[in-house]
Amino acid sequence: MESIEKVWEEYTRTKDKELKDKLILEYAPLVKYLAGRLSVHIGHRVEYDDLISYGIFGLIDAIDKFNLDKGVKFETYASLRIRGSIIDNIRKLDWVPRDLRQKNKQLEAAYLALEAEIGREPTEEEMAKKLGMSLVEVRDLMKKANVVNVVSLDDYLEQNHEDVFFASDDSPEKMYHKKEISDILVETIDKLSEKEKKVISLYYFEDLTLKEISKIMGVSESRISQIHSKAVIKLRTKLGKYKSILDF
């Protein structure tokens, strides 16, 4: 059987349609995987098959635009394109209620204001008092906030941040930008609680689902979702202009 490396070399040279089809079939599982990850957040609003269809468009776009000479793994490059395509199409559906977007902004603003006021991270009870909500309502809002955070990935792509990571030239300016983002992310994650660090690590870096994490940590999936929501809010408020790098 012809190796995938050979297929890439021949396709890069010839742009043959049959070779392109081989590449699409080879990386289709990546589309299914990423669609499944996003479906955890939005599956009850958008059909899984639709997410896959949107992702296939991103995969085709990635194959068309991928530069084999840059020395970047195709899976890494394609993941951004696939996610971007899925989320771009979801955004066109305008399925996130406007009031939820507004409440998400209020949630982040309240967190920042309270943190500045009391000199530490606010508790859920303090957040509830600040927002004039019950504790149950705040926890529910924090859970729903994940949905809003997920669909902002396309803003990150539209601002061409992917060029920082996949540029063919490592100019001093780009190298500095990479290091700056990396340093900020590491420093911000380090300020989370141990449970939050573990959830963020397992979810974003080990690619586990919330259900899988709940089994590892021995607590309910809803509790993991709550920890994840709180951690994401903390990170987004502290990352400032780089907060979109969390929208995986």
# chains A, B, ... in the order shown; residues from 1 in each chain; ligands from 1

$ residues_around --residues "A:Asp64" --least-positions-apart "6" --cutoff "12 Å" --atoms "only C-alpha atoms" --output "PyMOL selection string"
chain A and resi 8+11-12+15-17+19-21+23-24+57-58+74+77-78+81

$ residues_around --residues "A:Ala35" --least-positions-apart "2" --cutoff "12 Å" --atoms "only C-alpha atoms" --output "PyMOL selection string"
chain A and resi 28-33+37-43+46-56+58-59+79+82-87+90+248

$ residues_around --residues "A:Leu114" --least-positions-apart "6" --cutoff "12 Å" --atoms "only C-alpha atoms" --output "PyMOL selection string"
chain A and resi 106-108+120-131+237

$ write_last_selection --atoms "N, CA, C and O atoms" --output "PDB file, in the first residue's frame"
ATOM      1  N   GLN A 106     -21.175  39.883  30.798  1.00  0.00           N
ATOM      2  CA  GLN A 106     -21.431  40.359  32.162  1.00  0.00           C
ATOM      3  C   GLN A 106     -20.714  39.483  33.191  1.00  0.00           C
ATOM      4  O   GLN A 106     -20.183  39.974  34.181  1.00  0.00           O
ATOM      5  N   LEU A 107     -20.678  38.176  32.920  1.00  0.00           N
ATOM      6  CA  LEU A 107     -20.017  37.220  33.813  1.00  0.00           C
ATOM      7  C   LEU A 107     -18.521  37.521  33.905  1.00  0.00           C
ATOM      8  O   LEU A 107     -17.955  37.595  34.993  1.00  0.00           O
ATOM      9  N   GLU A 108     -17.885  37.723  32.763  1.00  0.00           N
ATOM     10  CA  GLU A 108     -16.456  38.020  32.739  1.00  0.00           C
ATOM     11  C   GLU A 108     -16.169  39.378  33.376  1.00  0.00           C
ATOM     12  O   GLU A 108     -15.195  39.541  34.108  1.00  0.00           O
ATOM     13  N   ARG A 120      -8.459  38.974  45.190  1.00  0.00           N
ATOM     14  CA  ARG A 120      -8.315  37.523  45.018  1.00  0.00           C
ATOM     15  C   ARG A 120      -9.417  37.052  44.082  1.00  0.00           C
ATOM     16  O   ARG A 120     -10.290  37.843  43.710  1.00  0.00           O
ATOM     17  N   GLU A 121      -9.365  35.764  43.731  1.00  0.00           N
ATOM     18  CA  GLU A 121     -10.416  35.265  42.858  1.00  0.00           C
ATOM     19  C   GLU A 121     -11.732  35.171  43.620  1.00  0.00           C
ATOM     20  O   GLU A 121     -11.763  34.711  44.779  1.00  0.00           O
ATOM     21  N   PRO A 122     -12.820  35.654  43.049  1.00  0.00           N
ATOM     22  CA  PRO A 122     -14.110  35.631  43.744  1.00  0.00           C
ATOM     23  C   PRO A 122     -14.701  34.228  43.795  1.00  0.00           C
ATOM     24  O   PRO A 122     -14.458  33.406  42.920  1.00  0.00           O
ATOM     25  N   THR A 123     -15.459  33.969  44.830  1.00  0.00           N
ATOM     26  CA  THR A 123     -16.156  32.688  44.950  1.00  0.00           C
ATOM     27  C   THR A 123     -17.436  32.749  44.116  1.00  0.00           C
ATOM     28  O   THR A 123     -17.871  33.829  43.687  1.00  0.00           O
ATOM     29  N   GLU A 124     -18.046  31.594  43.915  1.00  0.00           N
ATOM     30  CA  GLU A 124     -19.300  31.563  43.167  1.00  0.00           C
ATOM     31  C   GLU A 124     -20.384  32.347  43.923  1.00  0.00           C
ATOM     32  O   GLU A 124     -21.235  32.994  43.306  1.00  0.00           O
ATOM     33  N   GLU A 125     -20.340  32.256  45.244  1.00  0.00           N
ATOM     34  CA  GLU A 125     -21.322  32.988  46.063  1.00  0.00           C
ATOM     35  C   GLU A 125     -21.169  34.494  45.868  1.00  0.00           C
ATOM     36  O   GLU A 125     -22.167  35.229  45.745  1.00  0.00           O
ATOM     37  N   GLU A 126     -19.923  34.965  45.833  1.00  0.00           N
ATOM     38  CA  GLU A 126     -19.662  36.397  45.622  1.00  0.00           C
ATOM     39  C   GLU A 126     -20.070  36.821  44.220  1.00  0.00           C
ATOM     40  O   GLU A 126     -20.585  37.928  44.014  1.00  0.00           O
ATOM     41  N   MET A 127     -19.849  35.945  43.254  1.00  0.00           N
ATOM     42  CA  MET A 127     -20.266  36.234  41.878  1.00  0.00           C
ATOM     43  C   MET A 127     -21.790  36.351  41.806  1.00  0.00           C
ATOM     44  O   MET A 127     -22.327  37.240  41.133  1.00  0.00           O
ATOM     45  N   ALA A 128     -22.468  35.457  42.497  1.00  0.00           N
ATOM     46  CA  ALA A 128     -23.929  35.473  42.498  1.00  0.00           C
ATOM     47  C   ALA A 128     -24.464  36.784  43.071  1.00  0.00           C
ATOM     48  O   ALA A 128     -25.391  37.391  42.528  1.00  0.00           O
ATOM     49  N   LYS A 129     -23.859  37.214  44.179  1.00  0.00           N
ATOM     50  CA  LYS A 129     -24.276  38.470  44.809  1.00  0.00           C
ATOM     51  C   LYS A 129     -24.011  39.660  43.892  1.00  0.00           C
ATOM     52  O   LYS A 129     -24.853  40.560  43.765  1.00  0.00           O
ATOM     53  N   LYS A 130     -22.852  39.671  43.257  1.00  0.00           N
ATOM     54  CA  LYS A 130     -22.478  40.763  42.358  1.00  0.00           C
ATOM     55  C   LYS A 130     -23.442  40.863  41.176  1.00  0.00           C
ATOM     56  O   LYS A 130     -23.804  41.962  40.744  1.00  0.00           O
ATOM     57  N   LEU A 131     -23.855  39.703  40.666  1.00  0.00           N
ATOM     58  CA  LEU A 131     -24.718  39.670  39.482  1.00  0.00           C
ATOM     59  C   LEU A 131     -26.204  39.715  39.835  1.00  0.00           C
ATOM     60  O   LEU A 131     -27.053  39.809  38.945  1.00  0.00           O
ATOM     61  N   THR A 237     -10.233  35.817  31.317  1.00  0.00           N
ATOM     62  CA  THR A 237     -10.133  37.155  31.892  1.00  0.00           C
ATOM     63  C   THR A 237      -8.682  37.568  32.125  1.00  0.00           C
ATOM     64  O   THR A 237      -8.360  38.755  32.100  1.00  0.00           O
TER      65      THR A 237
END

$ atom_distance --atom1 "atom CA of A:Lys143" --atom2 "atom CA of A:Asp190"
22.2 Å
